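Peer 1: A single structure is presented below for examination.
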Amino acid sequence: MTRPQPGSLPTDPLIRQLVLQARRATMSRRNLLQFGGLGAASLALAACSSGGGERPQAAEDRSESDKSLIWANWPLYIDEDDEGNYPTLVRFQEETGIEVEYRVDVDDNNSYYGRVRDQLQLGQDIGADTVCLTEWIVARMIRQGYVQEFDRSNMPNTENLLPILNQADFDPDRTFSMPWQGGFAGIAWNKEALPNGIRSVTELFENPDLMGRVGVLSEMRDTIGLIMLEQGVDISGDFSAEEFTAANDVFREQVERGQIRNVKGNSYIEDLQNEDTLAAICWSGDIAALNLEAGDRWEFAIPEAGGTFWNDSFIIPIGSTKKTNVETLIDYYYRPEVAAEVAAWVNYVTPVEGAQEAARELFPDIAEDTNIFPDEEKLSQVHVFRTLTNEEESEFAEQFQSVLLGA
Amino acid sequence: MAFTAFASDTALAPQQEPTKRGRVALLLLLPGLAYLAVFFLAPLISLILTSLQRPAEFGDFGQYEYAFNVDNYADVFGAYGGHIVRSIAYSSAATVAALLLGYPLAYFIAVTLRRWPVWQGLALTLVIAPFFISFLLRTLAWKQILSDEGPVLGFLQLVQVLPDGARLTGTDFSVIFGLTYNFLPFMVLPIYASLASLDLRLLEASRDLYANAWSSFWRVTVPLSLPGIISGSLLVLIPAAGDYVNASLDFLGGTGTAMVGNVIETLFIETGNYPEASALSVILMALILVPVAFYVLFTRTEDLI
């Protein structure tokens, strides 16, 4: 299926849309006649979903006439009261009159992306006007042109963005993505079984008492990132494929000889809880929550060689018609006192400067927690895994997954 | 689920002359045909087309274009042949285990309990009862039961069946166990259906002809329940071969137990390699179809079809 030449289209956006729609309709009808029957229908379906290299066009902004938006996010990632309301979001709606439908829709970057990629490719609505995804996948979506550009003048509060987050290699001026919350990957251990704690990835892999009792994350950048840091590689810098492979080989060796028991996403928590694993590579905010829930039995630390620092960021998908509404929402969450309220609930790293001062007044018990408001020292221990090129992304994912599949 | 048809008692019904294929019959067939066309044929064509794609030139992660790239098939055979063998081994083992467990159970419900219909109904309900709880939840529950600090492993180590460092989750055993457990009712119900119509007078007759218990079971009961055994085995084997829940790392599997379903899931979702994932799906489908065809053709099923 060839797309109409962009040059031959009228400039008026409305008429342009109509012409495009009419062309699309006749094309699919012609195809149907040509091939006849279902084979053709499925061909057309498949052909539409493959899409060429052409970039989708951003949808028209109808925020003025339609004061609403849908926000897709991860579970337990916003302040929530006992009735299941989101207090900061309720106040936003009262203040701006913009109705927000908050959906807990994301539980894995890859599977969420897999669900919406066909619509993104066609520039269609994905059922969310903004979504918070981890930055490595945000980088891919920006590269593919699936994301709308912010009008930063609508978001004055985003000047509060922490300087360390303002240097993303995939979005240097932060015009396509804006951090929501972040966190660290480090090592957690069972305090009863390992009273001396664990200070390095090597210790995690070499301790004979931990044979078969170690868990690691199925998030490649965190697990391999920690191993690479242990091997002295700068994961933010321009490391080579050989350096990645060397780290992946260590990972493979530990899986094969059985030191690593499990490679998991969020459900590693259960393994720590039922003591299938006694130590694990895991995420900072989770351990705080687990200790609250299941007795103070675990401790989290950034290994001596360094940990990873990841961020989940707001983006506006290409098919959203509520861009200005979303910008208003992001601007609201960059007010320090609002950011502090969210941080006090979710226990992850807030990207907003000034939130710590606000927390000292409003939520003093969390204000000095460096896993929420990292200080200079903490920030010097953690590193952001650099954005991979398209080829690297495919190749590394394949290497990493082959260990998980035992191939 | 057309296989459940085998389990009906058509074996005993007199053969009917084929009726005239009137317009009404065709009309009645239409919804079924339309269903098959839209939900089976069209996706199948799309799947086969995808399996022949090649990476798009200058394309990004997960972008492919239509081509006739048969290499995908060779590539996945080379890379994941071991997973294919493992899937076949696991699903066959689970089918045999389900048959060994399910047949006596079905026999007990269908024959022994025949005189007490209330108990029979209750027993059948108990077979189906686990289905009221989500498949995923039940599998997760087993993961807890079989975990290192769980009761089963503790007991087995106490009585010295297993050495101290041994574990159950993430092993071949736990995956086959999970498959057997999850698909057992699919074995029991068809066998029950064919044994429920077993004419006990035939067993009397075989005893009258001096057959001992074993040979009347082997020469009367088993052949008469063969339709149930076949359809039950197919109903266990097919979903078990494609299953990706039990063997996944989040459930009963480990890094050494990945089945074809897990590979397909990874290729689709994690590495965005849609052509290879589709090629593997086509291979799996073909591999399942072959034994099924032989099984149906060369076992004594002539009065089933």
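Chain labels follow the order of the structure tokens: the first chain is A, the next B, and so on; residue numbering restarts at 1 in every chain, and ligands are counted from 1 in their shown order.
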Write out as a PDB file with N, CA, C and O atoms, in the first residue's frame the residues lying within 9 Å of Tyr73 in chain B, counting only C-alpha atoms and excluding same-chain residues fewer than 2 positions away.

Peer 2:
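Output (around_29.pdb):
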```
ATOM      1  N   SER B  51       5.471 -14.187   9.077  1.00  0.00           N
ATOM      2  CA  SER B  51       6.620 -15.072   9.289  1.00  0.00           C
ATOM      3  C   SER B  51       7.613 -14.999   8.139  1.00  0.00           C
ATOM      4  O   SER B  51       8.720 -15.506   8.240  1.00  0.00           O
ATOM      5  N   LEU B  52       7.217 -14.398   7.024  1.00  0.00           N
ATOM      6  CA  LEU B  52       8.116 -14.306   5.877  1.00  0.00           C
ATOM      7  C   LEU B  52       8.711 -12.911   5.716  1.00  0.00           C
ATOM      8  O   LEU B  52       9.379 -12.620   4.727  1.00  0.00           O
ATOM      9  N   ASN B  69      11.013 -14.293   2.960  1.00  0.00           N
ATOM     10  CA  ASN B  69      12.242 -14.564   3.683  1.00  0.00           C
ATOM     11  C   ASN B  69      12.120 -15.893   4.429  1.00  0.00           C
ATOM     12  O   ASN B  69      11.829 -15.933   5.614  1.00  0.00           O
ATOM     13  N   VAL B  70      12.369 -17.008   3.709  1.00  0.00           N
ATOM     14  CA  VAL B  70      12.197 -18.334   4.306  1.00  0.00           C
ATOM     15  C   VAL B  70      13.275 -18.600   5.354  1.00  0.00           C
ATOM     16  O   VAL B  70      13.114 -19.478   6.200  1.00  0.00           O
ATOM     17  N   ASP B  71      14.341 -17.806   5.307  1.00  0.00           N
ATOM     18  CA  ASP B  71      15.428 -17.990   6.277  1.00  0.00           C
ATOM     19  C   ASP B  71      14.941 -17.925   7.717  1.00  0.00           C
ATOM     20  O   ASP B  71      15.523 -18.540   8.602  1.00  0.00           O
ATOM     21  N   ASP B  75      16.355 -20.107  10.688  1.00  0.00           N
ATOM     22  CA  ASP B  75      16.955 -19.456  11.859  1.00  0.00           C
ATOM     23  C   ASP B  75      16.321 -19.944  13.161  1.00  0.00           C
ATOM     24  O   ASP B  75      17.019 -20.268  14.109  1.00  0.00           O
ATOM     25  N   VAL B  76      14.998 -19.967  13.195  1.00  0.00           N
ATOM     26  CA  VAL B  76      14.377 -20.352  14.470  1.00  0.00           C
ATOM     27  C   VAL B  76      14.592 -21.833  14.758  1.00  0.00           C
ATOM     28  O   VAL B  76      14.731 -22.234  15.910  1.00  0.00           O
ATOM     29  N   PHE B  77      14.655 -22.652  13.702  1.00  0.00           N
ATOM     30  CA  PHE B  77      14.930 -24.069  13.933  1.00  0.00           C
ATOM     31  C   PHE B  77      16.302 -24.231  14.554  1.00  0.00           C
ATOM     32  O   PHE B  77      16.490 -24.988  15.507  1.00  0.00           O
ATOM     33  N   GLY B  78      17.259 -23.488  14.019  1.00  0.00           N
ATOM     34  CA  GLY B  78      18.615 -23.569  14.551  1.00  0.00           C
ATOM     35  C   GLY B  78      18.689 -23.065  15.982  1.00  0.00           C
ATOM     36  O   GLY B  78      19.275 -23.698  16.857  1.00  0.00           O
ATOM     37  N   GLU B 276      10.287 -13.838  13.297  1.00  0.00           N
ATOM     38  CA  GLU B 276      10.739 -15.105  13.875  1.00  0.00           C
ATOM     39  C   GLU B 276       9.698 -15.677  14.831  1.00  0.00           C
ATOM     40  O   GLU B 276       9.501 -16.890  14.886  1.00  0.00           O
ATOM     41  N   ALA B 279       7.184 -17.293  12.651  1.00  0.00           N
ATOM     42  CA  ALA B 279       7.693 -18.524  12.059  1.00  0.00           C
ATOM     43  C   ALA B 279       7.639 -19.654  13.077  1.00  0.00           C
ATOM     44  O   ALA B 279       7.218 -20.776  12.768  1.00  0.00           O
ATOM     45  N   LEU B 280       8.030 -19.335  14.303  1.00  0.00           N
ATOM     46  CA  LEU B 280       8.007 -20.358  15.341  1.00  0.00           C
ATOM     47  C   LEU B 280       6.573 -20.808  15.632  1.00  0.00           C
ATOM     48  O   LEU B 280       6.321 -21.997  15.865  1.00  0.00           O
ATOM     49  N   ILE B 283       5.585 -23.196  12.940  1.00  0.00           N
ATOM     50  CA  ILE B 283       6.237 -24.494  13.135  1.00  0.00           C
ATOM     51  C   ILE B 283       5.531 -25.282  14.239  1.00  0.00           C
ATOM     52  O   ILE B 283       5.227 -26.457  14.092  1.00  0.00           O
TER      53      ILE B 283
END
```

Peer 1: Could you please tell me, as a ChimeraX atom specification, which residues of chain B have an atom within 10 Å of chain A when using only C-alpha atoms?

Peer 2: /B:37-38,41-47,49-50,56-66,79-83,143-144,147-150,165-167,169-170,248-251,253-260,262-263,266-273

Peer 1: Compare A:Ile330, A:Met220, A:Val90, A:Leu162 by their minimum atom-to-atom distance to Pro374 in chain A, counting only C-alpha atoms, and give me the closest one.

Peer 2: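 Among the listed residues, A:Leu162 lies closest to Pro374 in chain A.
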
Peer 1: May I have the residues within 7 Å of range 278-283 of chain A as a list in words, using only C-alpha atoms and disregarding those fewer than 3 positions away in the same chain?

Peer 2: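 The neighbour list is Gly183, Phe184, Ala185, Gly186, Ile187, Ala188, Trp189, Asn190, Arg213, Val214, Gly215, Val216, Leu217, Thr223, Leu272, Glu275 and Asp286 of chain A.
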
Peer 1: Given the selection you just returned, output its residues as a file containing N, CA and C atoms, formatted as a tab-separated table (two decimals), in the first residue's frame.

Peer 2:
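The file below, selection-v4.tsv, is the result:
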```tsv
chain	number	residue	atom	x	y	z
A	183	GLY	N	14.01	6.17	39.98
A	183	GLY	CA	14.45	5.30	41.06
A	183	GLY	C	15.81	4.72	40.76
A	184	PHE	N	16.32	3.97	41.75
A	184	PHE	CA	17.63	3.36	41.60
A	184	PHE	C	17.49	1.86	41.55
A	185	ALA	N	18.40	1.21	40.82
A	185	ALA	CA	18.54	-0.23	40.97
A	185	ALA	C	19.79	-0.47	41.80
A	186	GLY	N	19.64	-1.31	42.81
A	186	GLY	CA	20.75	-1.65	43.69
A	186	GLY	C	20.57	-3.07	44.18
A	187	ILE	N	21.10	-3.35	45.36
A	187	ILE	CA	21.00	-4.71	45.90
A	187	ILE	C	20.21	-4.68	47.20
A	188	ALA	N	19.29	-5.62	47.36
A	188	ALA	CA	18.58	-5.77	48.62
A	188	ALA	C	18.91	-7.15	49.18
A	189	TRP	N	18.93	-7.25	50.50
A	189	TRP	CA	19.19	-8.54	51.10
A	189	TRP	C	18.35	-8.75	52.34
A	190	ASN	N	18.20	-10.03	52.69
A	190	ASN	CA	17.47	-10.44	53.87
A	190	ASN	C	18.37	-10.26	55.08
A	213	ARG	N	20.08	-18.72	45.57
A	213	ARG	CA	19.17	-17.88	46.35
A	213	ARG	C	19.26	-16.41	45.93
A	214	VAL	N	19.74	-16.15	44.72
A	214	VAL	CA	19.90	-14.78	44.24
A	214	VAL	C	18.87	-14.49	43.15
A	215	GLY	N	18.21	-13.35	43.25
A	215	GLY	CA	17.30	-12.92	42.19
A	215	GLY	C	17.86	-11.71	41.46
A	216	VAL	N	17.59	-11.60	40.17
A	216	VAL	CA	17.96	-10.37	39.46
A	216	VAL	C	16.77	-9.91	38.63
A	217	LEU	N	16.84	-8.66	38.16
A	217	LEU	CA	15.71	-8.07	37.44
A	217	LEU	C	15.71	-8.47	35.97
A	223	THR	N	19.99	-4.95	35.40
A	223	THR	CA	20.83	-6.10	35.76
A	223	THR	C	22.20	-6.02	35.09
A	272	LEU	N	11.46	-12.70	47.38
A	272	LEU	CA	12.14	-12.24	48.58
A	272	LEU	C	11.29	-12.59	49.80
A	275	GLU	N	11.27	-16.25	50.56
A	275	GLU	CA	12.66	-16.64	50.81
A	275	GLU	C	13.21	-17.64	49.81
A	286	ASP	N	10.63	-0.14	46.05
A	286	ASP	CA	9.92	-1.37	46.41
A	286	ASP	C	10.30	-1.88	47.78
```

Peer 1: Could you pull out the alpha helix (DSSP H) residues of range 77-255 of chain B from DSSP and send them as an NGL selection string?

Peer 2: :B and (77-110 or 117-128 or 135-145 or 151-158 or 172-196 or 200-208 or 213-216 or 222-242)

Peer 1: DSSP on the backbone: which residues in range 183-214 of chain A end up as strand (DSSP E)? Give the answer as JSON, numbers by chain.

Peer 2: {"A": [183, 184, 185, 186, 187, 188, 189, 190, 214]}

Peer 1: For those residues, write all heavy atoms to a file as a PDB file, in the first residue's frame.

Peer 2:
```pdb
ATOM      1  N   GLY A 183      14.007   6.168  39.976  1.00  0.00           N
ATOM      2  CA  GLY A 183      14.448   5.300  41.061  1.00  0.00           C
ATOM      3  C   GLY A 183      15.807   4.722  40.765  1.00  0.00           C
ATOM      4  O   GLY A 183      16.370   4.949  39.699  1.00  0.00           O
ATOM      5  N   PHE A 184      16.318   3.970  41.749  1.00  0.00           N
ATOM      6  CA  PHE A 184      17.630   3.362  41.602  1.00  0.00           C
ATOM      7  C   PHE A 184      17.490   1.856  41.554  1.00  0.00           C
ATOM      8  O   PHE A 184      16.602   1.292  42.176  1.00  0.00           O
ATOM      9  CB  PHE A 184      18.518   3.715  42.805  1.00  0.00           C
ATOM     10  CG  PHE A 184      18.573   5.186  43.103  1.00  0.00           C
ATOM     11  CD1 PHE A 184      18.248   5.662  44.366  1.00  0.00           C
ATOM     12  CD2 PHE A 184      18.948   6.083  42.116  1.00  0.00           C
ATOM     13  CE1 PHE A 184      18.300   7.019  44.639  1.00  0.00           C
ATOM     14  CE2 PHE A 184      19.006   7.446  42.383  1.00  0.00           C
ATOM     15  CZ  PHE A 184      18.675   7.915  43.649  1.00  0.00           C
ATOM     16  N   ALA A 185      18.401   1.215  40.820  1.00  0.00           N
ATOM     17  CA  ALA A 185      18.540  -0.233  40.974  1.00  0.00           C
ATOM     18  C   ALA A 185      19.788  -0.472  41.799  1.00  0.00           C
ATOM     19  O   ALA A 185      20.839   0.119  41.547  1.00  0.00           O
ATOM     20  CB  ALA A 185      18.650  -0.917  39.623  1.00  0.00           C
ATOM     21  N   GLY A 186      19.641  -1.314  42.812  1.00  0.00           N
ATOM     22  CA  GLY A 186      20.754  -1.649  43.688  1.00  0.00           C
ATOM     23  C   GLY A 186      20.573  -3.068  44.182  1.00  0.00           C
ATOM     24  O   GLY A 186      19.935  -3.884  43.513  1.00  0.00           O
ATOM     25  N   ILE A 187      21.096  -3.352  45.359  1.00  0.00           N
ATOM     26  CA  ILE A 187      21.003  -4.711  45.898  1.00  0.00           C
ATOM     27  C   ILE A 187      20.213  -4.677  47.199  1.00  0.00           C
ATOM     28  O   ILE A 187      20.442  -3.808  48.050  1.00  0.00           O
ATOM     29  CB  ILE A 187      22.406  -5.298  46.152  1.00  0.00           C
ATOM     30  CG1 ILE A 187      23.172  -5.401  44.833  1.00  0.00           C
ATOM     31  CG2 ILE A 187      22.311  -6.662  46.805  1.00  0.00           C
ATOM     32  CD1 ILE A 187      24.610  -5.839  45.006  1.00  0.00           C
ATOM     33  N   ALA A 188      19.294  -5.617  47.356  1.00  0.00           N
ATOM     34  CA  ALA A 188      18.581  -5.771  48.619  1.00  0.00           C
ATOM     35  C   ALA A 188      18.908  -7.146  49.180  1.00  0.00           C
ATOM     36  O   ALA A 188      19.139  -8.075  48.423  1.00  0.00           O
ATOM     37  CB  ALA A 188      17.078  -5.638  48.411  1.00  0.00           C
ATOM     38  N   TRP A 189      18.932  -7.249  50.497  1.00  0.00           N
ATOM     39  CA  TRP A 189      19.191  -8.544  51.103  1.00  0.00           C
ATOM     40  C   TRP A 189      18.346  -8.748  52.344  1.00  0.00           C
ATOM     41  O   TRP A 189      17.870  -7.790  52.949  1.00  0.00           O
ATOM     42  CB  TRP A 189      20.682  -8.710  51.421  1.00  0.00           C
ATOM     43  CG  TRP A 189      21.199  -7.738  52.430  1.00  0.00           C
ATOM     44  CD1 TRP A 189      21.211  -7.905  53.789  1.00  0.00           C
ATOM     45  CD2 TRP A 189      21.758  -6.436  52.170  1.00  0.00           C
ATOM     46  NE1 TRP A 189      21.742  -6.797  54.386  1.00  0.00           N
ATOM     47  CE2 TRP A 189      22.092  -5.890  53.430  1.00  0.00           C
ATOM     48  CE3 TRP A 189      22.015  -5.715  51.008  1.00  0.00           C
ATOM     49  CZ2 TRP A 189      22.658  -4.620  53.547  1.00  0.00           C
ATOM     50  CZ3 TRP A 189      22.582  -4.455  51.139  1.00  0.00           C
ATOM     51  CH2 TRP A 189      22.899  -3.917  52.394  1.00  0.00           C
ATOM     52  N   ASN A 190      18.202 -10.028  52.692  1.00  0.00           N
ATOM     53  CA  ASN A 190      17.466 -10.443  53.866  1.00  0.00           C
ATOM     54  C   ASN A 190      18.373 -10.263  55.081  1.00  0.00           C
ATOM     55  O   ASN A 190      19.422 -10.892  55.173  1.00  0.00           O
ATOM     56  CB  ASN A 190      17.078 -11.915  53.683  1.00  0.00           C
ATOM     57  CG  ASN A 190      16.165 -12.418  54.772  1.00  0.00           C
ATOM     58  OD1 ASN A 190      16.415 -12.177  55.955  1.00  0.00           O
ATOM     59  ND2 ASN A 190      15.119 -13.116  54.377  1.00  0.00           N
ATOM     60  N   VAL A 214      19.737 -16.152  44.716  1.00  0.00           N
ATOM     61  CA  VAL A 214      19.900 -14.782  44.238  1.00  0.00           C
ATOM     62  C   VAL A 214      18.865 -14.494  43.152  1.00  0.00           C
ATOM     63  O   VAL A 214      18.667 -15.311  42.252  1.00  0.00           O
ATOM     64  CB  VAL A 214      21.322 -14.565  43.674  1.00  0.00           C
ATOM     65  CG1 VAL A 214      21.441 -13.207  42.997  1.00  0.00           C
ATOM     66  CG2 VAL A 214      22.356 -14.707  44.772  1.00  0.00           C
TER      67      VAL A 214
END
```

Peer 1: Which is closer to Pro317 in chain A than all the others in A:Trp71, A:Phe205, A:Phe92, A:Phe300, using only C-alpha atoms?

Peer 2: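 With only C-alpha atoms as the atom set, the closest residue is A:Trp71.
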
Peer 1: Could you work out how far CA of Val290 in chain B lies from CA of Tyr90 in chain B, giving the answer in Å with one decimal?

Peer 2: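 That distance, rounded to one decimal, is 17.3 Å.
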
Peer 1: Which is closer to Glu230 in chain A than all the others in A:Ala305, A:Ile164, A:Leu362, A:Ile269, using only C-alpha atoms?

Peer 2: A:Ala305

Peer 1: Quick one: of B:Leu168, B:Val222, B:Leu289, B:Val296, who's nearest to Gly154 in chain B, counting only C-alpha atoms?

Peer 2: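 Once distances to Gly154 in chain B are computed over only C-alpha atoms, the minimum belongs to B:Leu168.
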
Peer 1: List the spatial neighbours of Glu327 in chain A as JSON, numbers by chain - criterion: any atom at most 8 Å away, only C-alpha atoms, same-chain residues fewer than 4 positions off excluded.

Peer 2: {"A": [150, 151, 154, 155, 323, 331]}
